[in-house]
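Novice: Provided herewith: my_file32.txt, compact mmCIF, C-alpha atoms and all ligand atoms.
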```
# COMPACT_ATOMS: atom_id res chain seq x y z
CA MET S 11 167.21 36.65 35.83
CA LYS S 12 163.52 36.69 36.60
CA SER S 13 162.60 36.24 32.95
CA ILE S 14 165.00 33.30 32.55
CA LEU S 15 163.38 31.66 35.53
CA PHE S 16 159.93 32.35 34.11
CA ARG S 17 160.90 30.88 30.74
CA THR S 18 162.38 27.76 32.33
CA THR S 19 159.20 27.26 34.36
CA LEU S 20 157.09 27.69 31.23
CA ILE S 21 159.19 25.17 29.33
CA ALA S 22 158.96 22.69 32.21
CA ALA S 23 155.19 23.11 32.41
CA ALA S 24 154.81 22.64 28.66
CA ALA S 25 156.99 19.53 28.79
CA ALA S 26 154.89 18.08 31.60
CA LEU S 27 151.70 18.77 29.64
CA LEU S 28 153.15 17.17 26.56
CA SER S 29 154.27 14.09 28.44
CA THR S 30 150.83 13.45 29.95
CA ALA S 31 149.12 14.04 26.63
CA ALA S 32 151.77 12.10 24.74
CA PHE S 33 150.82 8.62 25.84
CA ALA S 34 147.33 9.07 24.41
CA GLN S 35 148.76 9.68 20.96
CA THR S 36 152.00 7.74 21.00
CA GLY S 37 150.95 4.99 23.38
CA ALA S 38 153.79 5.72 25.81
CA LYS S 39 154.13 2.96 28.36
CA LEU S 40 153.06 3.32 31.96
CA LYS S 41 156.12 2.96 34.19
CA VAL S 42 155.37 0.66 37.10
CA GLY S 43 157.90 0.46 39.92
CA LEU S 44 157.78 -3.06 41.34
CA MET S 45 159.45 -2.96 44.73
CA LEU S 46 159.40 -6.47 46.21
CA PRO S 47 161.68 -8.92 48.02
CA TYR S 48 163.40 -11.25 45.57
CA THR S 49 165.95 -12.51 48.11
CA GLY S 50 165.72 -13.51 51.78
CA THR S 51 162.99 -15.15 53.85
CA TYR S 52 160.19 -13.42 51.84
CA ALA S 53 161.62 -14.07 48.34
CA SER S 54 158.94 -16.56 47.31
CA LEU S 55 156.25 -14.09 48.42
CA GLY S 56 157.66 -11.38 46.14
CA ASN S 57 157.74 -13.77 43.20
CA ALA S 58 154.15 -14.89 43.74
CA ILE S 59 152.97 -11.26 43.87
CA GLU S 60 154.76 -10.48 40.60
CA ASN S 61 153.30 -13.61 39.00
CA GLY S 62 149.78 -12.66 40.07
CA PHE S 63 150.20 -9.10 38.81
CA LYS S 64 151.50 -10.28 35.44
CA LEU S 65 148.76 -12.88 35.08
CA TYR S 66 146.17 -10.10 35.13
CA LEU S 67 148.24 -8.09 32.65
CA THR S 68 148.36 -11.08 30.27
CA GLU S 69 144.61 -11.63 30.64
CA GLN S 70 144.10 -8.02 29.60
CA GLY S 71 146.11 -8.51 26.42
CA GLY S 72 149.30 -6.91 27.78
CA LYS S 73 147.69 -3.61 28.76
CA ILE S 74 146.24 -2.27 31.98
CA GLY S 75 143.66 0.48 31.68
CA GLY S 76 144.56 0.75 27.99
CA ARG S 77 148.28 1.29 28.57
CA GLU S 78 151.21 -0.97 27.98
CA ILE S 79 153.39 -1.46 31.03
CA GLU S 80 157.11 -1.00 31.51
CA PHE S 81 158.36 -2.53 34.76
CA VAL S 82 161.23 -1.15 36.80
CA LYS S 83 162.11 -3.76 39.40
CA VAL S 84 163.88 -3.37 42.73
CA ASP S 85 164.77 -6.14 45.18
CA ASP S 86 164.01 -4.49 48.53
CA GLU S 87 165.46 -7.47 50.44
CA SER S 88 162.80 -6.86 53.14
CA ASP S 89 165.33 -4.44 54.59
CA PRO S 90 163.79 -1.29 56.11
CA SER S 91 167.22 0.39 56.38
CA LYS S 92 167.47 0.44 52.56
CA ALA S 93 163.82 1.19 51.90
CA THR S 94 163.83 4.98 51.63
CA ASP S 95 166.77 4.94 49.19
CA ASN S 96 165.15 2.20 47.12
CA VAL S 97 161.79 3.93 46.78
CA ASN S 98 163.40 7.33 46.12
CA LYS S 99 165.37 5.79 43.26
CA LEU S 100 162.14 4.59 41.68
CA VAL S 101 160.31 7.88 42.15
CA LYS S 102 163.09 10.40 41.51
CA ARG S 103 165.59 8.64 39.22
CA ASP S 104 163.32 6.33 37.24
CA ASN S 105 160.28 8.62 37.35
CA VAL S 106 157.83 5.75 37.77
CA ASP S 107 154.15 6.59 37.31
CA VAL S 108 152.95 4.06 39.87
CA LEU S 109 154.50 2.16 42.79
CA ILE S 110 153.60 -1.45 43.57
CA GLY S 111 155.07 -2.85 46.82
CA THR S 112 155.80 -4.48 49.10
CA VAL S 113 155.78 -7.52 51.42
CA HIS S 114 157.50 -6.27 54.61
CA SER S 115 155.58 -3.81 56.82
CA GLY S 116 158.65 -1.75 57.74
CA VAL S 117 159.64 -1.32 54.10
CA ALA S 118 156.04 -0.52 53.14
CA MET S 119 155.88 2.31 55.68
CA ALA S 120 158.91 3.93 54.03
CA MET S 121 157.17 3.54 50.66
CA ALA S 122 153.97 5.09 52.02
CA LYS S 123 155.88 8.08 53.38
CA VAL S 124 157.51 8.79 50.00
CA ALA S 125 154.22 8.17 48.15
CA LYS S 126 152.42 10.56 50.45
CA GLU S 127 155.05 13.28 49.94
CA SER S 128 155.42 12.83 46.18
CA GLY S 129 151.77 12.06 45.41
CA THR S 130 152.77 8.92 43.46
CA ILE S 131 150.04 6.29 43.37
CA LEU S 132 151.00 3.37 45.63
CA ILE S 133 149.25 0.00 45.71
CA VAL S 134 150.43 -2.29 48.52
CA PRO S 135 150.10 -5.96 47.47
CA ASN S 136 150.90 -7.52 50.86
CA ALA S 137 152.44 -5.62 53.79
CA GLY S 138 149.85 -5.32 56.55
CA ALA S 139 151.32 -2.34 58.45
CA ASP S 140 148.26 -0.87 60.16
CA ALA S 141 149.59 2.67 59.65
CA VAL S 142 149.50 2.40 55.82
CA THR S 143 145.69 2.61 55.95
CA GLY S 144 145.72 4.20 59.40
CA ALA S 145 147.75 7.23 60.46
CA MET S 146 149.55 7.38 57.06
CA CYS S 147 146.42 6.96 54.93
CA ALA S 148 146.25 9.13 51.81
CA PRO S 149 144.07 9.55 48.72
CA ASN S 150 146.84 8.04 46.51
CA ILE S 151 147.61 5.00 48.74
CA PHE S 152 145.67 1.72 48.30
CA ARG S 153 146.03 -1.81 49.61
CA SER S 154 144.97 -5.03 47.83
CA SER S 155 145.86 -7.28 50.77
CA PHE S 156 144.89 -6.84 54.44
CA SER S 157 145.86 -4.98 57.62
CA ASN S 158 147.88 -6.88 60.22
CA TRP S 159 145.01 -6.32 62.63
CA GLN S 160 142.52 -8.27 60.46
CA PRO S 161 143.68 -11.94 60.60
CA GLY S 162 144.85 -11.48 64.20
CA TYR S 163 141.48 -10.14 65.31
CA ALA S 164 139.56 -12.88 63.49
CA MET S 165 141.66 -15.64 65.09
CA GLY S 166 141.24 -14.04 68.54
CA GLU S 167 137.47 -14.33 68.14
CA VAL S 168 137.68 -17.94 66.95
CA MET S 169 139.93 -19.08 69.80
CA ALA S 170 137.88 -17.31 72.48
CA LYS S 171 134.71 -18.93 71.10
CA LYS S 172 136.40 -22.34 71.25
CA GLY S 173 136.71 -21.76 75.02
CA ILE S 174 140.51 -21.49 75.02
CA LYS S 175 141.55 -19.48 78.08
CA LYS S 176 145.34 -19.04 78.27
CA VAL S 177 147.46 -18.34 75.22
CA ALA S 178 151.15 -17.65 74.63
CA THR S 179 152.09 -15.65 71.52
CA ILE S 180 155.32 -15.85 69.56
CA THR S 181 156.38 -13.73 66.60
CA TRP S 182 159.02 -11.54 64.99
CA LYS S 183 159.57 -8.20 66.70
CA TYR S 184 158.46 -5.74 64.04
CA ALA S 185 155.22 -4.13 62.90
CA ALA S 186 153.69 -7.25 61.31
CA GLY S 187 154.28 -9.44 64.37
CA ASP S 188 153.40 -6.76 66.92
CA GLU S 189 150.22 -5.66 65.18
CA THR S 190 148.96 -9.16 64.40
CA VAL S 191 149.38 -10.10 68.07
CA ARG S 192 147.71 -6.83 69.13
CA GLY S 193 144.69 -7.56 66.93
CA PHE S 194 144.56 -11.10 68.28
CA LYS S 195 144.76 -9.91 71.89
CA GLU S 196 142.02 -7.32 71.37
CA ALA S 197 139.47 -9.93 70.28
CA PHE S 198 140.72 -12.79 72.47
CA GLU S 199 140.58 -10.74 75.68
CA LYS S 200 137.19 -9.30 74.72
CA GLY S 201 136.04 -12.92 74.44
CA GLY S 202 137.28 -13.78 77.93
CA GLY S 203 140.79 -15.14 77.20
CA THR S 204 144.16 -14.08 78.58
CA VAL S 205 147.53 -13.76 76.86
CA VAL S 206 149.88 -15.20 79.48
CA LYS S 207 153.17 -14.80 77.63
CA GLU S 208 154.33 -12.71 74.66
CA LEU S 209 157.52 -14.02 73.07
CA ASN S 210 159.54 -12.32 70.32
CA LEU S 211 162.71 -12.56 68.30
CA PRO S 212 164.20 -10.11 65.81
CA PHE S 213 163.21 -10.38 62.11
CA PRO S 214 164.26 -12.54 60.24
CA ASN S 215 165.92 -14.75 62.92
CA VAL S 216 164.89 -18.39 63.13
CA GLU S 217 166.66 -19.50 66.31
CA PHE S 218 163.48 -20.68 68.01
CA GLN S 219 164.82 -23.23 70.52
CA ALA S 220 165.04 -21.08 73.66
CA LEU S 221 161.58 -19.65 73.04
CA LEU S 222 160.09 -23.11 72.50
CA THR S 223 161.52 -24.10 75.88
CA ASP S 224 159.79 -21.03 77.39
CA ILE S 225 156.48 -22.12 75.82
CA ALA S 226 156.81 -25.64 77.22
CA ALA S 227 157.49 -24.20 80.67
CA ALA S 228 154.55 -21.74 80.56
CA LYS S 229 152.09 -24.56 79.67
CA PRO S 230 149.47 -22.36 77.96
CA ASP S 231 146.27 -23.93 76.53
CA ALA S 232 147.41 -22.90 73.03
CA VAL S 233 149.91 -20.79 71.07
CA PHE S 234 149.09 -18.04 68.56
CA THR S 235 151.74 -16.94 66.09
CA PHE S 236 152.65 -14.79 63.11
CA PHE S 237 155.48 -16.05 60.91
CA ALA S 238 155.64 -16.12 57.12
CA GLY S 239 157.79 -17.35 54.24
CA GLY S 240 160.98 -19.25 55.04
CA GLY S 241 160.69 -18.42 58.75
CA ALA S 242 157.20 -19.97 58.91
CA VAL S 243 158.51 -23.19 57.36
CA LYS S 244 161.20 -23.51 60.02
CA PHE S 245 158.92 -22.54 62.91
CA VAL S 246 156.28 -25.16 62.09
CA LYS S 247 158.96 -27.83 61.73
CA ASP S 248 160.75 -26.83 64.95
CA TYR S 249 157.45 -26.69 66.89
CA ALA S 250 156.67 -30.27 65.88
CA ALA S 251 160.25 -31.48 66.45
CA ALA S 252 160.17 -30.04 69.99
CA GLY S 253 157.20 -32.32 70.68
CA LEU S 254 154.88 -29.35 71.31
CA LYS S 255 152.41 -29.96 68.49
CA LYS S 256 150.67 -32.77 70.38
CA SER S 257 150.51 -31.07 73.79
CA ILE S 258 149.93 -27.35 72.99
CA PRO S 259 147.81 -26.65 69.86
CA LEU S 260 149.36 -24.12 67.48
CA TYR S 261 147.22 -21.47 65.76
CA GLY S 262 148.27 -18.66 63.47
CA SER S 263 147.41 -15.96 61.05
CA GLY S 264 147.21 -17.84 57.76
CA PHE S 265 150.63 -16.77 56.49
CA LEU S 266 152.02 -19.51 58.75
CA THR S 267 150.89 -22.13 56.24
CA ASP S 268 150.37 -20.22 52.95
CA GLY S 269 152.81 -20.97 50.14
CA THR S 270 154.75 -23.13 52.61
CA LEU S 271 153.00 -26.51 52.75
CA ASP S 272 155.30 -28.40 50.37
CA ALA S 273 158.26 -27.55 52.61
CA GLN S 274 156.43 -28.08 55.92
CA GLY S 275 155.05 -31.51 55.00
CA ALA S 276 153.24 -33.48 57.71
CA ASP S 277 154.41 -31.07 60.44
CA ALA S 278 151.73 -28.61 59.30
CA ASP S 279 148.93 -31.17 59.13
CA GLY S 280 145.83 -30.20 61.10
CA LEU S 281 146.88 -26.62 61.91
CA PHE S 282 144.09 -24.01 62.09
CA THR S 283 144.76 -20.52 60.71
CA ALA S 284 142.77 -17.43 59.71
CA LEU S 285 143.21 -15.54 56.43
CA HIS S 286 141.39 -13.75 53.60
CA TYR S 287 142.04 -16.66 51.21
CA ALA S 288 141.62 -20.44 51.41
CA ASP S 289 141.75 -23.59 49.30
CA GLY S 290 138.39 -24.95 48.27
CA LEU S 291 136.45 -21.69 47.96
CA ASP S 292 134.87 -23.26 44.91
CA THR S 293 133.71 -20.06 43.22
CA PRO S 294 133.84 -19.57 39.43
CA LYS S 295 136.31 -16.67 39.78
CA ASP S 296 138.67 -18.62 42.02
CA LYS S 297 138.51 -21.71 39.83
CA SER S 298 139.37 -19.82 36.67
CA PHE S 299 142.15 -17.90 38.44
CA ARG S 300 143.71 -21.09 39.79
CA LEU S 301 143.55 -22.81 36.45
CA ALA S 302 145.12 -19.88 34.62
CA TYR S 303 147.83 -19.44 37.27
CA ALA S 304 148.74 -23.13 37.27
CA LYS S 305 148.91 -23.11 33.49
CA ALA S 306 151.10 -20.01 33.33
CA TYR S 307 153.55 -20.82 36.12
CA LYS S 308 153.26 -24.61 36.72
CA LEU S 309 152.56 -23.72 40.36
CA GLN S 310 149.52 -23.51 42.61
CA PRO S 311 148.67 -19.93 43.56
CA ASP S 312 148.71 -18.74 47.17
CA VAL S 313 147.41 -15.68 48.98
CA TYR S 314 150.34 -13.59 47.69
CA ALA S 315 149.52 -14.41 44.07
CA VAL S 316 145.92 -13.33 44.71
CA GLN S 317 147.05 -10.04 46.23
CA GLY S 318 149.33 -9.33 43.26
CA TYR S 319 146.51 -10.11 40.84
CA ASP S 320 144.17 -7.79 42.73
CA ALA S 321 146.76 -4.99 42.86
CA ALA S 322 146.75 -5.12 39.05
CA GLN S 323 142.94 -5.13 39.05
CA ILE S 324 142.85 -2.04 41.28
CA LEU S 325 145.32 -0.28 38.98
CA GLY S 326 143.17 -1.25 36.01
CA ILE S 327 139.99 0.14 37.58
CA GLY S 328 141.64 3.45 38.41
CA LEU S 329 143.40 3.80 35.05
CA LYS S 330 140.27 3.03 33.09
CA ALA S 331 138.42 5.84 34.85
CA VAL S 332 141.13 8.39 33.96
CA ASN S 333 141.85 7.10 30.45
CA GLY S 334 145.33 6.11 31.48
CA ASP S 335 146.24 9.54 32.86
CA VAL S 336 147.65 8.94 36.37
CA SER S 337 147.88 12.66 37.05
CA LYS S 338 144.10 12.67 37.60
CA LYS S 339 144.45 11.39 41.14
CA ALA S 340 141.06 12.36 42.52
CA GLU S 341 139.17 10.62 39.70
CA PHE S 342 141.44 7.59 40.00
CA ALA S 343 140.66 7.33 43.73
CA LYS S 344 136.94 7.89 43.24
CA ALA S 345 136.68 4.99 40.79
CA VAL S 346 138.63 2.62 43.02
CA GLU S 347 136.58 3.64 46.07
CA ALA S 348 133.33 2.86 44.26
CA ALA S 349 134.52 -0.48 42.86
CA LYS S 350 133.73 -4.03 43.82
CA ILE S 351 136.90 -5.93 43.08
CA ASP S 352 136.24 -9.35 41.57
CA SER S 353 138.92 -11.18 43.54
CA PRO S 354 139.60 -14.93 43.65
CA ARG S 355 139.18 -14.56 47.44
CA GLY S 356 135.61 -13.31 46.91
CA ALA S 357 134.49 -9.86 45.79
CA PHE S 358 135.58 -7.03 48.08
CA SER S 359 135.50 -3.26 48.24
CA LEU S 360 137.91 -0.84 49.87
CA SER S 361 137.18 1.00 53.09
CA LYS S 362 137.33 4.80 53.28
CA ALA S 363 140.97 4.38 54.29
CA HIS S 364 141.56 2.14 51.19
CA ASN S 365 141.98 -1.22 52.97
CA PRO S 366 139.97 -4.30 51.83
CA VAL S 367 136.70 -4.93 53.66
CA GLN S 368 136.72 -8.71 53.43
CA ASP S 369 135.75 -12.06 54.86
CA ILE S 370 138.44 -13.72 56.96
CA TYR S 371 138.28 -17.50 56.54
CA LEU S 372 139.05 -20.20 59.07
CA ARG S 373 141.20 -22.84 57.37
CA GLN S 374 142.70 -26.17 58.41
CA VAL S 375 145.72 -27.80 56.81
CA THR S 376 144.71 -31.06 55.17
CA GLY S 377 147.33 -32.71 52.98
CA LYS S 378 148.89 -29.90 50.96
CA GLU S 379 145.92 -27.54 51.28
CA ASN S 380 144.62 -24.79 53.56
CA LYS S 381 141.12 -26.20 53.41
CA LEU S 382 138.22 -23.84 53.97
CA VAL S 383 136.45 -24.59 57.27
CA GLY S 384 134.16 -21.57 57.36
CA VAL S 385 134.03 -17.78 57.64
CA ALA S 386 135.74 -16.66 60.86
CA SER S 387 134.74 -13.03 60.45
CA LYS S 388 132.33 -11.67 57.85
CA ALA S 389 133.22 -8.44 56.00
CA LEU S 390 135.80 -7.52 58.60
CA THR S 391 136.72 -3.82 58.43
CA ASP S 392 140.02 -2.55 59.79
CA PRO S 393 139.37 0.22 62.35
CA ALA S 394 141.81 2.52 60.45
CA ARG S 395 142.95 4.13 63.68
CA GLY S 396 144.47 7.55 63.11
CA CYS S 397 143.33 7.90 59.49
CA LYS S 398 142.07 11.37 58.69
CA MET S 399 140.78 11.32 55.15
C1 LIG S 401 154.37 -7.83 56.74
O1 LIG S 401 155.53 -7.53 57.04
O2 LIG S 401 153.45 -7.01 56.82
C2 LIG S 401 154.05 -9.21 56.30
C3 LIG S 401 155.03 -10.03 55.76
C4 LIG S 401 154.71 -11.30 55.32
C5 LIG S 401 153.41 -11.75 55.41
C6 LIG S 401 152.41 -10.95 55.94
C7 LIG S 401 152.74 -9.67 56.39
O3 LIG S 401 153.10 -12.96 54.98
```
Is it possible to express this structure as structure tokens?
Ligand code: PHB
Specialist:
Amino acid sequence: MKSILFRTTLIAAAAALLSTAAFAQTGAKLKVGLMLPYTGTYASLGNAIENGFKLYLTEQGGKIGGREIEFVKVDDESDPSKATDNVNKLVKRDNVDVLIGTVHSGVAMAMAKVAKESGTILIVPNAGADAVTGAMCAPNIFRSSFSNWQPGYAMGEVMAKKGIKKVATITWKYAAGDETVRGFKEAFEKGGGTVVKELNLPFPNVEFQALLTDIAAAKPDAVFTFFAGGGAVKFVKDYAAAGLKKSIPLYGSGFLTDGTLDAQGADADGLFTALHYADGLDTPKDKSFRLAYAKAYKLQPDVYAVQGYDAAQILGIGLKAVNGDVSKKAEFAKAVEAAKIDSPRGAFSLSKAHNPVQDIYLRQVTGKENKLVGVASKALTDPARGCKM
């Protein structure tokens, strides 16, 4: 019995060795699990991330870090209740080498848990869940986007400096909304402001009327919000239709108006938001990225496209350092940690917890653009609370 077990273990070990060595000789493809929303309020965000990722792949001649890529795609529907099953399918059934995903913070936390347990490399191309590069941080988990705390904190500083005193907040009740508002409140209250009302509704509901009535009654100096995707389109339109836009200025983390301006039209005009990307950065890298993206997809890129592109860049940096062998996790991490990522948003590096250290821009909607106004917060570093790494 013992010897059978021993032999089986030996065979399994030899097979594993062969499979890691095999790609070098046979050019076996790297299996990338793309777990993104392709339906629901965040569907367009998932598509932009995939487009950005694939643009980098095309620029590299169809290979990342010397390896051809085979995609296994899952529509996560931005549904946390299905997230663990979805990510387990990718890791255990499809045996993906790398996980890329996702948009929704709740789904991303389930991905991070499985990645941490299985050791699979995970690159998060949007979801801001603070825990992913906080309490759940791990050597094999990276983020090409932001933490929820970052744009919230930057906007809190901006609004306090403007001399705004009383603010009402409104958002979806889940990690992204809660943490963005928490970051906002931290900076805004430090700067002398007060949050007088915190309003919420469940994700992805868009029945805003009763809450807009509450805002009108509270008469704050301004409103700060996190909404994104389809929900952001409806919120901006409803806010204007309720007649609030003229009387109570609306501010947001930049997702409120990113990838949404065609649908929001004039109702978004003039809004100030904070984000790690903007229109009009006017750098050579951004210009060439925008040109290439527009040519490939007949669309203007948004922040999500940039994050997808940079997720592919991060993968490329890590893979190059290990000659395409993802089992060399420590070397992969070391290379990514030392890198300056040449992003369209501006070059950035990753913090010790693997979250971008980046400028957060102040933008104002002008026509169909989130026009750069200035830098709201220079090289803003997420505090990575709870990360032990
Ligand atoms: C998130 O759930 O973390 C999230 C979703 C959409 C965004 C930004 C953050 O645009």
Novice: Using all atoms listed in the file, tabulate the residues of chain S lying at most 6 Å from any atom of ligand LIG 401 (chain S), each with its closest atom pair and that distance in Å to one decimal, by chain and increasing residue number, as a tab-separated table.
Specialist:
```
residue	atom	partner	partner_atom	distance
S:Val113	CA	S:LIG401	C3	5.1
S:His114	CA	S:LIG401	O1	3.4
S:Ser115	CA	S:LIG401	O1	3.7
S:Ala137	CA	S:LIG401	O2	3.5
S:Gly138	CA	S:LIG401	O2	4.0
S:Ala139	CA	S:LIG401	O2	5.4
S:Ala186	CA	S:LIG401	O2	4.5
S:Ala238	CA	S:LIG401	O3	4.6
S:Phe265	CA	S:LIG401	O3	4.8
```
Novice: Write out as a PyMOL selection string each polymer residue whose atoms come within 8 Å of stretch 243-248 of chain S, counting only C-alpha atoms; drop sequence neighbours fewer than 6 positions from it.
Specialist: chain S and resi 216+218-219+237+266-267+270-271+273-274+277-278
Novice: Identify which of the residues S:Gln323, S:Ser353, S:Ser257, S:Thr68 lies closest to S:Thr293, counting only C-alpha atoms when measuring atom-to-atom distances.
Specialist: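 When distances to S:Thr293 are compared using only C-alpha atoms, the smallest one comes from S:Ser353.
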Novice: Residues within 9 Å of (149.4, -16.0, 59.5), file coordinates, counting all atoms listed in the file: what are they? Give the list as JSON, numbers by chain.
Specialist: {"S": [161, 162, 190, 235, 236, 237, 238, 242, 261, 262, 263, 264, 265, 266, 267, 268, 283, 284, 285]}
Novice: Check which residues of stretch 114-186 of chain S sit at most 12 Å from stretch 37-42 of chain S using all atoms listed in the file, and return one row each with the closest pair of atoms and their distance in Å to one decimal, ordered by chain and rising number, as a tab-separated table.
Specialist:
```
residue	atom	partner	partner_atom	distance
S:Thr130	CA	S:Val42	CA	10.7
S:Ile131	CA	S:Val42	CA	10.0
S:Leu132	CA	S:Val42	CA	10.0
S:Ile133	CA	S:Val42	CA	10.6
```
Novice: What is the distance, in Å and to one decimal place, between atom CA of S:Glu217 and atom CA of S:Gly280?
Specialist: 24.0 Å
Novice: Per residue of stretch 98-178 of chain S within 12 Å of stretch 374-386 of chain S, what are the shortest atom pair and its distance in Å to one decimal, counting only C-alpha atoms, with rows by chain and residue number, as JSON lines?
Specialist:
```
{"residue": "S:Gln160", "atom": "CA", "partner": "S:Ala386", "partner_atom": "CA", "distance": 10.8}
{"residue": "S:Pro161", "atom": "CA", "partner": "S:Ala386", "partner_atom": "CA", "distance": 9.2}
{"residue": "S:Gly162", "atom": "CA", "partner": "S:Ala386", "partner_atom": "CA", "distance": 11.0}
{"residue": "S:Tyr163", "atom": "CA", "partner": "S:Ala386", "partner_atom": "CA", "distance": 9.8}
{"residue": "S:Ala164", "atom": "CA", "partner": "S:Ala386", "partner_atom": "CA", "distance": 6.0}
{"residue": "S:Met165", "atom": "CA", "partner": "S:Ala386", "partner_atom": "CA", "distance": 7.3}
{"residue": "S:Gly166", "atom": "CA", "partner": "S:Ala386", "partner_atom": "CA", "distance": 9.8}
{"residue": "S:Glu167", "atom": "CA", "partner": "S:Ala386", "partner_atom": "CA", "distance": 7.8}
{"residue": "S:Val168", "atom": "CA", "partner": "S:Ala386", "partner_atom": "CA", "distance": 6.5}
{"residue": "S:Met169", "atom": "CA", "partner": "S:Ala386", "partner_atom": "CA", "distance": 10.2}
{"residue": "S:Ala170", "atom": "CA", "partner": "S:Ala386", "partner_atom": "CA", "distance": 11.8}
{"residue": "S:Lys171", "atom": "CA", "partner": "S:Ala386", "partner_atom": "CA", "distance": 10.5}
{"residue": "S:Lys172", "atom": "CA", "partner": "S:Ala386", "partner_atom": "CA", "distance": 11.9}
```
Novice: From the list S:Leu254, S:Ala357, S:Leu372, S:Val82, which residue is nearest S:Ala389 when using all atoms listed in the file?
Specialist: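 Under the stated criterion, the closest residue is S:Ala357.
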Novice: Can you work out the spacing between atom CA of S:Tyr66 and atom CA of S:Asp335 in Å, to one decimal?
Specialist: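 Separating atom CA of S:Tyr66 from atom CA of S:Asp335 is a distance of 19.8 Å.
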Novice: For a quick check of understanding, using only C-alpha atoms, which of S:Ala185, S:Ala363, S:Ala348, S:Leu211 has the smallest distance to S:Met399?
Specialist: S:Ala363
Novice: Given the choices S:Glu60, S:Asp86, S:Asp279, S:Asp296, which gets closest to S:Pro135 if the distance is worked out from only C-alpha atoms?
Specialist: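 Between S:Glu60, S:Asp86, S:Asp279, S:Asp296, the residue approaching S:Pro135 most closely is S:Glu60.
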Novice: For the atom pair atom CA of S:Ala232 and atom CA of S:Pro212, what is the interatomic distance in Å to one decimal place?
Specialist: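 Calculated distance between atom CA of S:Ala232 and atom CA of S:Pro212 is 22.3 Å.
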Novice: Quick one: residues within 10 Å of S:Thr112, only C-alpha atoms, excluding same-chain residues fewer than 2 positions away - as a list in words?
Specialist: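 Surrounding residues, per the criterion: Leu44, Met45, Leu46, Pro47, Leu55, Gly56, Ile59, Asp85, Asp86, Ser88, Leu109, Ile110, His114, Ser115, Gly116, Val117, Ala118, Met119, Met121, Leu132, Ile133, Val134, Pro135, Asn136, Ala137, Gly138 and Gly318 of chain S.
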Novice: Please return the centre and edge lengths, in Å to one decimal, of a box with edges along x, y and z that contains all listed atoms of stretch 241-249 of chain S, widened by 4 Å on every side, as JSON.
Specialist:
```
{"center_x": 158.7, "center_y": -23.1, "center_z": 62.1, "size_x": 12.9, "size_y": 17.4, "size_z": 17.5}
```
Novice: Find, counting only C-alpha atoms, the residue in S:Gly240, S:Pro230, S:Gly76, S:Pro393 that gets nearest to S:Lys362.
Specialist: S:Pro393
Novice: For S:Ala53, which residue among S:Phe342, S:Gly241, S:Ala120, S:Glu196 is the nearest when counting only C-alpha atoms?
Specialist: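 Comparing S:Phe342, S:Gly241, S:Ala120, S:Glu196 against S:Ala53, the winner is S:Gly241.
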Novice: Within 12 Å of S:Ala394, counting all atoms listed in the file, which residues qualify if same-chain residues fewer than 4 places away don't, as a PyMOL selection string?
Specialist: chain S and resi 138-148+156-160+360-367+390+398-399
Novice: Excluding same-chain residues fewer than 6 positions from S:Val233, what lies within 7 Å of it counting only C-alpha atoms, as JSON, numbers by chain?
Specialist: {"S": [177, 178, 179, 258, 259, 260, 261]}
